[in-house]
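This report concerns only the one structure given below.
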There are 2 protein chains.
Amino acid sequence: MGRWKPGAGDRLREAALSLYLERGFEQTTVADIAERAGVTARTFFRYFADKREVLFDASSVLEEKSLAALEGVPATASALVSVAAVLDSVARMVGGDRELARKRQAVIMANADLRERELIKLTSLSAALADRLRRRGVGDIEAGLAAETSIAVFRVAFSRWVTAADDQDLQDVIRETLDRLRTLAADR
Amino acid sequence: MGRWKPGAGDRLREAALSLYLERGFEQTTVADIAERAGVTARTFFRYFADKREVLFDASSVLEEKSLAALEGVPATASALVSVAAVLDSVARMVGGDRELARKRQAVIMANADLRERELIKLTSLSAALADRLRRRGVGDIEAGLAAETSIAVFRVAFSRWVTAADDQDLQDVIRETLDRLRTLAADR
(Lines give C-alpha, C1' and ligand atoms only; values in the text may rest on other atoms or scores of the structure.)
Protein backbone atom coordinates (compact mmCIF):
# COMPACT_ATOMS: atom_id res chain seq x y z
CA MET A 1 0.00 0.00 0.00
CA GLY A 2 0.99 3.68 -0.04
CA ARG A 3 3.59 5.27 2.16
CA TRP A 4 1.10 7.38 4.07
CA LYS A 5 -1.18 6.22 6.87
CA PRO A 6 -4.80 5.49 6.07
CA GLY A 7 -7.01 8.49 6.85
CA ALA A 8 -4.25 11.03 6.19
CA GLY A 9 -6.58 12.95 3.85
CA ASP A 10 -9.18 13.35 6.60
CA ARG A 11 -6.53 14.26 9.17
CA LEU A 12 -5.07 16.86 6.82
CA ARG A 13 -8.52 18.34 6.24
CA GLU A 14 -9.22 18.53 9.98
CA ALA A 15 -5.79 20.02 10.66
CA ALA A 16 -6.15 22.59 7.87
CA LEU A 17 -9.60 23.75 8.98
CA SER A 18 -8.51 24.07 12.59
CA LEU A 19 -5.43 26.07 11.62
CA TYR A 20 -7.36 28.33 9.24
CA LEU A 21 -9.74 29.10 12.09
CA GLU A 22 -7.00 29.63 14.66
CA ARG A 23 -4.50 31.62 12.59
CA GLY A 24 -6.42 32.68 9.52
CA PHE A 25 -6.20 31.17 6.04
CA GLU A 26 -3.45 33.51 4.81
CA GLN A 27 -1.25 32.89 7.84
CA THR A 28 -1.33 29.10 7.56
CA THR A 29 1.27 27.25 5.48
CA VAL A 30 1.16 23.78 4.00
CA ALA A 31 4.05 22.89 6.34
CA ASP A 32 1.91 23.92 9.34
CA ILE A 33 -0.95 21.74 8.15
CA ALA A 34 1.25 18.73 7.49
CA GLU A 35 2.92 19.08 10.89
CA ARG A 36 -0.42 19.28 12.71
CA ALA A 37 -1.65 16.19 10.84
CA GLY A 38 1.60 14.33 11.59
CA VAL A 39 2.59 13.85 7.95
CA THR A 40 5.10 15.44 5.58
CA ALA A 41 4.36 18.32 3.19
CA ARG A 42 4.95 15.80 0.43
CA THR A 43 2.02 13.76 1.71
CA PHE A 44 -0.13 16.91 1.78
CA PHE A 45 0.49 17.34 -1.94
CA ARG A 46 -0.58 13.76 -2.61
CA TYR A 47 -4.05 14.78 -1.47
CA PHE A 48 -4.41 18.46 -2.35
CA ALA A 49 -2.98 20.72 -5.07
CA ASP A 50 -2.67 23.63 -2.63
CA LYS A 51 -4.06 24.88 0.65
CA ARG A 52 -7.14 26.39 -1.01
CA GLU A 53 -8.07 23.04 -2.53
CA VAL A 54 -8.55 21.57 0.97
CA LEU A 55 -11.72 23.69 1.02
CA PHE A 56 -12.87 23.18 -2.55
CA ASP A 57 -11.72 19.75 -3.69
CA ALA A 58 -15.20 18.28 -3.18
CA SER A 59 -16.90 20.67 -5.58
CA SER A 60 -16.18 18.79 -8.80
CA VAL A 61 -17.56 15.61 -7.23
CA LEU A 62 -20.54 17.65 -6.05
CA GLU A 63 -21.22 18.88 -9.57
CA GLU A 64 -20.85 15.39 -11.01
CA LYS A 65 -23.22 13.86 -8.47
CA SER A 66 -25.70 16.71 -8.90
CA LEU A 67 -25.91 16.11 -12.61
CA ALA A 68 -26.16 12.35 -12.03
CA ALA A 69 -29.06 12.98 -9.64
CA LEU A 70 -30.81 14.93 -12.37
CA GLU A 71 -30.51 11.98 -14.73
CA GLY A 72 -32.45 9.91 -12.22
CA VAL A 73 -35.46 12.25 -12.29
CA PRO A 74 -38.32 11.26 -14.64
CA ALA A 75 -38.39 13.44 -17.77
CA THR A 76 -41.99 14.35 -16.98
CA ALA A 77 -41.05 16.06 -13.68
CA SER A 78 -41.35 19.85 -13.54
CA ALA A 79 -38.15 21.93 -13.58
CA LEU A 80 -38.41 22.78 -9.90
CA VAL A 81 -39.17 19.19 -8.85
CA SER A 82 -36.09 18.17 -10.85
CA VAL A 83 -33.80 20.60 -9.09
CA ALA A 84 -35.37 19.62 -5.76
CA ALA A 85 -34.08 16.10 -6.41
CA VAL A 86 -30.65 17.54 -7.12
CA LEU A 87 -30.74 19.48 -3.84
CA ASP A 88 -31.66 16.29 -2.01
CA SER A 89 -28.57 14.60 -3.35
CA VAL A 90 -26.40 17.61 -2.48
CA ALA A 91 -27.78 17.49 1.06
CA ARG A 92 -26.80 13.85 1.35
CA MET A 93 -23.26 14.71 0.24
CA VAL A 94 -22.56 17.76 2.37
CA GLY A 95 -25.02 17.29 5.21
CA GLY A 96 -23.25 14.44 6.99
CA ASP A 97 -20.89 16.40 9.21
CA ARG A 98 -22.27 19.72 10.42
CA GLU A 99 -19.24 20.53 12.56
CA LEU A 100 -16.94 20.22 9.55
CA ALA A 101 -19.35 22.26 7.40
CA ARG A 102 -19.57 24.93 10.07
CA LYS A 103 -15.78 25.22 10.29
CA ARG A 104 -15.42 25.36 6.53
CA GLN A 105 -18.11 28.04 6.31
CA ALA A 106 -16.45 30.16 9.02
CA VAL A 107 -13.10 29.98 7.20
CA ILE A 108 -14.66 30.93 3.86
CA MET A 109 -16.72 33.79 5.27
CA ALA A 110 -13.59 35.31 6.87
CA ASN A 111 -11.72 35.67 3.57
CA ALA A 112 -12.86 37.65 0.50
CA ASP A 113 -10.95 35.48 -1.99
CA LEU A 114 -12.47 32.32 -0.58
CA ARG A 115 -15.98 33.82 -0.64
CA GLU A 116 -15.44 34.66 -4.32
CA ARG A 117 -14.22 31.18 -5.04
CA GLU A 118 -17.28 29.66 -3.36
CA LEU A 119 -19.57 31.97 -5.33
CA ILE A 120 -17.91 31.01 -8.60
CA LYS A 121 -18.24 27.30 -7.84
CA LEU A 122 -21.96 27.70 -7.16
CA THR A 123 -22.47 29.78 -10.30
CA SER A 124 -20.67 27.20 -12.36
CA LEU A 125 -22.89 24.49 -10.84
CA SER A 126 -25.95 26.58 -11.70
CA ALA A 127 -24.81 26.94 -15.32
CA ALA A 128 -24.16 23.19 -15.60
CA LEU A 129 -27.59 22.41 -14.14
CA ALA A 130 -29.34 24.86 -16.49
CA ASP A 131 -27.55 23.35 -19.45
CA ARG A 132 -28.56 19.83 -18.44
CA LEU A 133 -32.18 20.91 -17.88
CA ARG A 134 -32.27 22.41 -21.39
CA ARG A 135 -31.00 19.16 -22.86
CA ARG A 136 -33.83 17.41 -21.02
CA GLY A 137 -36.29 19.60 -22.90
CA VAL A 138 -36.95 22.27 -20.28
CA GLY A 139 -37.44 25.70 -21.91
CA ASP A 140 -34.46 28.03 -21.98
CA ILE A 141 -35.82 30.57 -19.48
CA GLU A 142 -37.32 27.99 -17.12
CA ALA A 143 -34.03 26.08 -17.09
CA GLY A 144 -32.06 29.18 -16.15
CA LEU A 145 -34.58 30.20 -13.52
CA ALA A 146 -34.85 26.75 -11.95
CA ALA A 147 -31.07 26.39 -11.74
CA GLU A 148 -30.51 29.88 -10.30
CA THR A 149 -33.38 29.39 -7.88
CA SER A 150 -31.97 26.11 -6.64
CA ILE A 151 -28.70 27.88 -5.81
CA ALA A 152 -30.66 30.61 -4.00
CA VAL A 153 -32.51 27.97 -1.96
CA PHE A 154 -29.28 26.13 -1.23
CA ARG A 155 -27.45 29.25 -0.06
CA VAL A 156 -30.26 30.28 2.27
CA ALA A 157 -30.83 26.74 3.58
CA PHE A 158 -27.15 25.97 4.07
CA SER A 159 -26.61 29.16 6.03
CA ARG A 160 -29.64 28.31 8.24
CA TRP A 161 -28.35 24.80 8.78
CA VAL A 162 -24.79 25.68 9.78
CA THR A 163 -25.90 28.46 12.13
CA ALA A 164 -28.89 26.69 13.72
CA ALA A 165 -28.69 26.20 17.48
CA ASP A 166 -30.11 22.69 17.30
CA ASP A 167 -28.91 19.82 15.17
CA GLN A 168 -31.12 19.71 12.09
CA ASP A 169 -31.03 17.58 8.98
CA LEU A 170 -29.78 19.57 5.98
CA GLN A 171 -32.18 17.75 3.67
CA ASP A 172 -35.14 18.83 5.84
CA VAL A 173 -33.92 22.43 5.97
CA ILE A 174 -33.52 22.53 2.17
CA ARG A 175 -36.98 21.05 1.60
CA GLU A 176 -38.55 23.48 4.03
CA THR A 177 -36.73 26.41 2.40
CA LEU A 178 -37.96 25.34 -1.02
CA ASP A 179 -41.51 25.21 0.35
CA ARG A 180 -41.05 28.71 1.69
CA LEU A 181 -39.96 29.85 -1.73
CA ARG A 182 -43.12 28.33 -3.22
CA THR A 183 -45.22 30.23 -0.67
CA LEU A 184 -43.28 33.45 -1.27
CA ALA A 185 -43.76 33.16 -5.03
CA ALA A 186 -47.51 32.64 -4.60
CA ASP A 187 -47.90 35.88 -2.58
CA ARG A 188 -49.28 38.77 -4.61
CA MET B 1 -15.93 75.22 -15.31
CA GLY B 2 -13.62 72.22 -15.34
CA ARG B 3 -10.68 71.79 -17.68
CA TRP B 4 -12.19 68.88 -19.55
CA LYS B 5 -14.87 69.04 -22.23
CA PRO B 6 -18.45 68.28 -21.27
CA GLY B 7 -19.37 64.67 -22.05
CA ALA B 8 -15.82 63.41 -21.62
CA GLY B 9 -17.07 60.74 -19.16
CA ASP B 10 -19.47 59.33 -21.74
CA ARG B 11 -16.85 59.49 -24.49
CA LEU B 12 -14.35 57.70 -22.26
CA ARG B 13 -16.89 54.99 -21.48
CA GLU B 14 -17.71 54.49 -25.18
CA ALA B 15 -14.01 54.45 -26.09
CA ALA B 16 -13.16 51.98 -23.32
CA LEU B 17 -15.95 49.54 -24.22
CA SER B 18 -15.02 49.62 -27.91
CA LEU B 19 -11.36 49.01 -27.15
CA TYR B 20 -12.10 46.20 -24.67
CA LEU B 21 -14.15 44.52 -27.39
CA GLU B 22 -11.59 45.08 -30.13
CA ARG B 23 -8.38 44.25 -28.24
CA GLY B 24 -9.55 42.57 -25.06
CA PHE B 25 -9.71 44.09 -21.59
CA GLU B 26 -6.19 43.03 -20.58
CA GLN B 27 -4.60 44.43 -23.72
CA THR B 28 -6.15 47.89 -23.38
CA THR B 29 -4.36 50.64 -21.44
CA VAL B 30 -5.74 53.82 -19.92
CA ALA B 31 -3.57 55.75 -22.42
CA ASP B 32 -5.31 53.91 -25.31
CA ILE B 33 -8.73 54.81 -23.93
CA ALA B 34 -7.84 58.46 -23.36
CA GLU B 35 -6.39 58.74 -26.87
CA ARG B 36 -9.48 57.22 -28.47
CA ALA B 37 -11.71 59.60 -26.49
CA GLY B 38 -9.55 62.57 -27.42
CA VAL B 39 -8.57 63.45 -23.84
CA THR B 40 -5.50 63.02 -21.64
CA ALA B 41 -4.90 60.12 -19.24
CA ARG B 42 -5.17 62.72 -16.49
CA THR B 43 -8.75 63.41 -17.58
CA PHE B 44 -9.48 59.67 -17.54
CA PHE B 45 -8.52 59.57 -13.87
CA ARG B 46 -10.88 62.44 -13.08
CA TYR B 47 -13.72 60.11 -14.04
CA PHE B 48 -12.54 56.62 -13.18
CA ALA B 49 -10.18 55.14 -10.59
CA ASP B 50 -8.90 52.55 -13.09
CA LYS B 51 -9.90 50.79 -16.28
CA ARG B 52 -12.02 48.24 -14.43
CA GLU B 53 -14.10 50.98 -12.84
CA VAL B 54 -15.33 52.07 -16.27
CA LEU B 55 -17.40 48.88 -16.15
CA PHE B 56 -18.44 48.95 -12.49
CA ASP B 57 -18.65 52.58 -11.38
CA ALA B 58 -22.46 52.55 -11.67
CA SER B 59 -22.92 49.71 -9.19
CA SER B 60 -22.80 51.76 -6.00
CA VAL B 61 -25.42 54.12 -7.43
CA LEU B 62 -27.43 51.05 -8.45
CA GLU B 63 -27.33 49.68 -4.91
CA GLU B 64 -28.29 53.06 -3.45
CA LYS B 65 -31.23 53.50 -5.83
CA SER B 66 -32.36 49.91 -5.29
CA LEU B 67 -32.55 50.43 -1.56
CA ALA B 68 -34.30 53.79 -2.07
CA ALA B 69 -36.87 52.03 -4.30
CA LEU B 70 -37.51 49.58 -1.48
CA GLU B 71 -38.26 52.45 0.90
CA GLY B 72 -41.02 53.57 -1.48
CA VAL B 73 -42.85 50.22 -1.25
CA PRO B 74 -45.73 50.04 1.28
CA ALA B 75 -44.74 48.06 4.37
CA THR B 76 -47.75 45.79 3.80
CA ALA B 77 -46.42 44.54 0.43
CA SER B 78 -45.21 40.94 0.28
CA ALA B 79 -41.45 40.29 0.08
CA LEU B 80 -41.58 39.34 -3.59
CA VAL B 81 -43.75 42.33 -4.54
CA SER B 82 -41.20 44.50 -2.72
CA VAL B 83 -38.24 43.15 -4.65
CA ALA B 84 -40.28 43.39 -7.86
CA ALA B 85 -40.44 47.14 -7.25
CA VAL B 86 -36.68 47.17 -6.76
CA LEU B 87 -36.20 45.31 -10.05
CA ASP B 88 -38.43 47.88 -11.79
CA SER B 89 -36.15 50.65 -10.61
CA VAL B 90 -33.04 48.73 -11.65
CA ALA B 91 -34.58 48.25 -15.10
CA ARG B 92 -35.13 51.99 -15.42
CA MET B 93 -31.48 52.59 -14.52
CA VAL B 94 -29.76 50.04 -16.74
CA GLY B 95 -32.41 49.48 -19.41
CA GLY B 96 -31.98 52.78 -21.26
CA ASP B 97 -29.19 51.86 -23.64
CA ARG B 98 -29.24 48.26 -24.81
CA GLU B 99 -26.28 48.67 -27.15
CA LEU B 100 -24.10 49.89 -24.28
CA ALA B 101 -25.38 47.11 -22.01
CA ARG B 102 -24.68 44.52 -24.70
CA LYS B 103 -21.11 45.72 -25.16
CA ARG B 104 -20.49 45.79 -21.43
CA GLN B 105 -21.91 42.28 -21.08
CA ALA B 106 -19.69 40.96 -23.91
CA VAL B 107 -16.59 42.45 -22.29
CA ILE B 108 -17.44 41.02 -18.88
CA MET B 109 -18.29 37.55 -20.20
CA ALA B 110 -14.92 37.37 -21.99
CA ASN B 111 -12.86 37.81 -18.81
CA ALA B 112 -12.95 35.59 -15.70
CA ASP B 113 -11.89 38.38 -13.31
CA LEU B 114 -14.61 40.67 -14.59
CA ARG B 115 -17.23 37.91 -14.33
CA GLU B 116 -16.19 37.40 -10.71
CA ARG B 117 -16.39 41.10 -10.02
CA GLU B 118 -19.91 41.26 -11.50
CA LEU B 119 -20.97 38.25 -9.43
CA ILE B 120 -19.62 39.84 -6.24
CA LYS B 121 -21.43 43.09 -6.93
CA LEU B 122 -24.73 41.25 -7.39
CA THR B 123 -24.18 39.18 -4.24
CA SER B 124 -23.42 42.29 -2.26
CA LEU B 125 -26.61 43.88 -3.61
CA SER B 126 -28.55 40.77 -2.59
CA ALA B 127 -27.13 40.93 0.95
CA ALA B 128 -28.00 44.64 1.24
CA LEU B 129 -31.55 43.98 0.00
CA ALA B 130 -32.05 41.08 2.41
CA ASP B 131 -30.79 43.21 5.27
CA ARG B 132 -33.18 46.04 4.39
CA LEU B 133 -36.12 43.63 4.04
CA ARG B 134 -35.37 42.26 7.52
CA ARG B 135 -35.42 45.77 8.95
CA ARG B 136 -38.81 46.25 7.30
CA GLY B 137 -40.09 43.29 9.30
CA VAL B 138 -39.81 40.53 6.69
CA GLY B 139 -38.82 37.21 8.32
CA ASP B 140 -35.17 36.21 8.17
CA ILE B 141 -35.58 33.34 5.72
CA GLU B 142 -38.10 35.09 3.47
CA ALA B 143 -35.83 38.14 3.29
CA GLY B 144 -32.86 36.05 2.18
CA LEU B 145 -34.94 34.08 -0.30
CA ALA B 146 -36.64 37.13 -1.81
CA ALA B 147 -33.32 38.93 -2.25
CA GLU B 148 -31.54 35.93 -3.76
CA THR B 149 -34.51 35.21 -5.99
CA SER B 150 -34.57 38.78 -7.27
CA ILE B 151 -30.93 38.42 -8.32
CA ALA B 152 -31.77 35.13 -10.05
CA VAL B 153 -34.64 36.79 -11.94
CA PHE B 154 -32.44 39.75 -12.84
CA ARG B 155 -29.61 37.57 -14.17
CA VAL B 156 -31.92 35.49 -16.34
CA ALA B 157 -33.91 38.52 -17.56
CA PHE B 158 -30.86 40.66 -18.27
CA SER B 159 -29.23 37.92 -20.29
CA ARG B 160 -32.48 37.47 -22.31
CA TRP B 161 -32.71 41.21 -22.88
CA VAL B 162 -29.16 41.78 -24.12
CA THR B 163 -29.23 38.75 -26.42
CA ALA B 164 -32.78 39.21 -27.81
CA ALA B 165 -33.01 39.70 -31.58
CA ASP B 166 -35.67 42.38 -31.27
CA ASP B 167 -35.56 45.51 -29.14
CA GLN B 168 -37.45 44.76 -25.94
CA ASP B 169 -38.01 46.81 -22.82
CA LEU B 170 -35.91 45.50 -19.92
CA GLN B 171 -38.69 46.26 -17.44
CA ASP B 172 -41.11 44.09 -19.45
CA VAL B 173 -38.59 41.26 -19.69
CA ILE B 174 -37.95 41.36 -15.93
CA ARG B 175 -41.67 41.36 -15.12
CA GLU B 176 -42.31 38.48 -17.49
CA THR B 177 -39.38 36.53 -16.02
CA LEU B 178 -40.73 37.07 -12.51
CA ASP B 179 -44.12 35.79 -13.67
CA ARG B 180 -42.42 32.73 -15.09
CA LEU B 181 -40.76 32.15 -11.75
CA ARG B 182 -44.15 32.32 -10.05
CA THR B 183 -45.51 29.73 -12.49
CA LEU B 184 -42.42 27.54 -12.06
CA ALA B 185 -42.75 27.65 -8.28
CA ALA B 186 -46.41 26.65 -8.48
CA ASP B 187 -45.64 23.49 -10.51
CA ARG B 188 -45.66 20.33 -8.44
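Each chain in the C-alpha coordinates gets a letter, A, B, ..., in the order shown, and its residues are numbered from 1; ligands are numbered from 1 in order too.
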
request  = Compute the chain A side of the contact with chain B at 7 Å, counting only C-alpha atoms, and hand it back as a list in words.
outcome  =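 Putting it all together, I get Ser78, Leu80, Val81, Glu116, Ile120, Gly144, Leu145, Glu148, Thr149, Ala152, Val153, Val156, Leu181, Arg182, Leu184, Ala185, Ala186, Asp187 and Arg188 of chain A.
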
message = So that I can check the surroundings of A:Asp50, please list as a list in words every protein, DNA and RNA residue that reaches within 8 Å of it, counting only C-alpha atoms and ignoring chain neighbours fewer than 4 positions away.
response = Val30, Phe45 and Val54 of chain A

Would you export the selected residues with N, CA, C and O atoms as a CSV table (one decimal), in the first residue's frame, please?
chain,number,residue,atom,x,y,z
A,30,VAL,N,1.3,25.2,4.2
A,30,VAL,CA,1.2,23.8,4.0
A,30,VAL,C,2.0,23.0,5.0
A,30,VAL,O,1.6,22.0,5.6
A,45,PHE,N,0.7,17.1,-0.5
A,45,PHE,CA,0.5,17.3,-1.9
A,45,PHE,C,0.0,16.1,-2.7
A,45,PHE,O,-0.3,16.2,-3.9
A,54,VAL,N,-8.0,22.3,-0.2
A,54,VAL,CA,-8.6,21.6,1.0
A,54,VAL,C,-10.0,22.0,1.2
A,54,VAL,O,-10.9,21.1,1.5

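Rounded to one decimal, atom CA of B:Glu99 and atom CA of B:Asp10 lie 13.8 Å from each other.
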
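The smallest atom-to-atom distance between B:Ala37 and any of B:Ala8, B:Leu17, B:Ala58, B:Ile174, using only C-alpha atoms, is found for B:Ala8.
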
query = DSSP says alpha helix (DSSP H) for which residues of chain B? Put them as a ChimeraX atom specification?
reply = /B:8-23,30-37,41-47,53-56,59-71,79-94,98-109,112-135,140-163,170-186
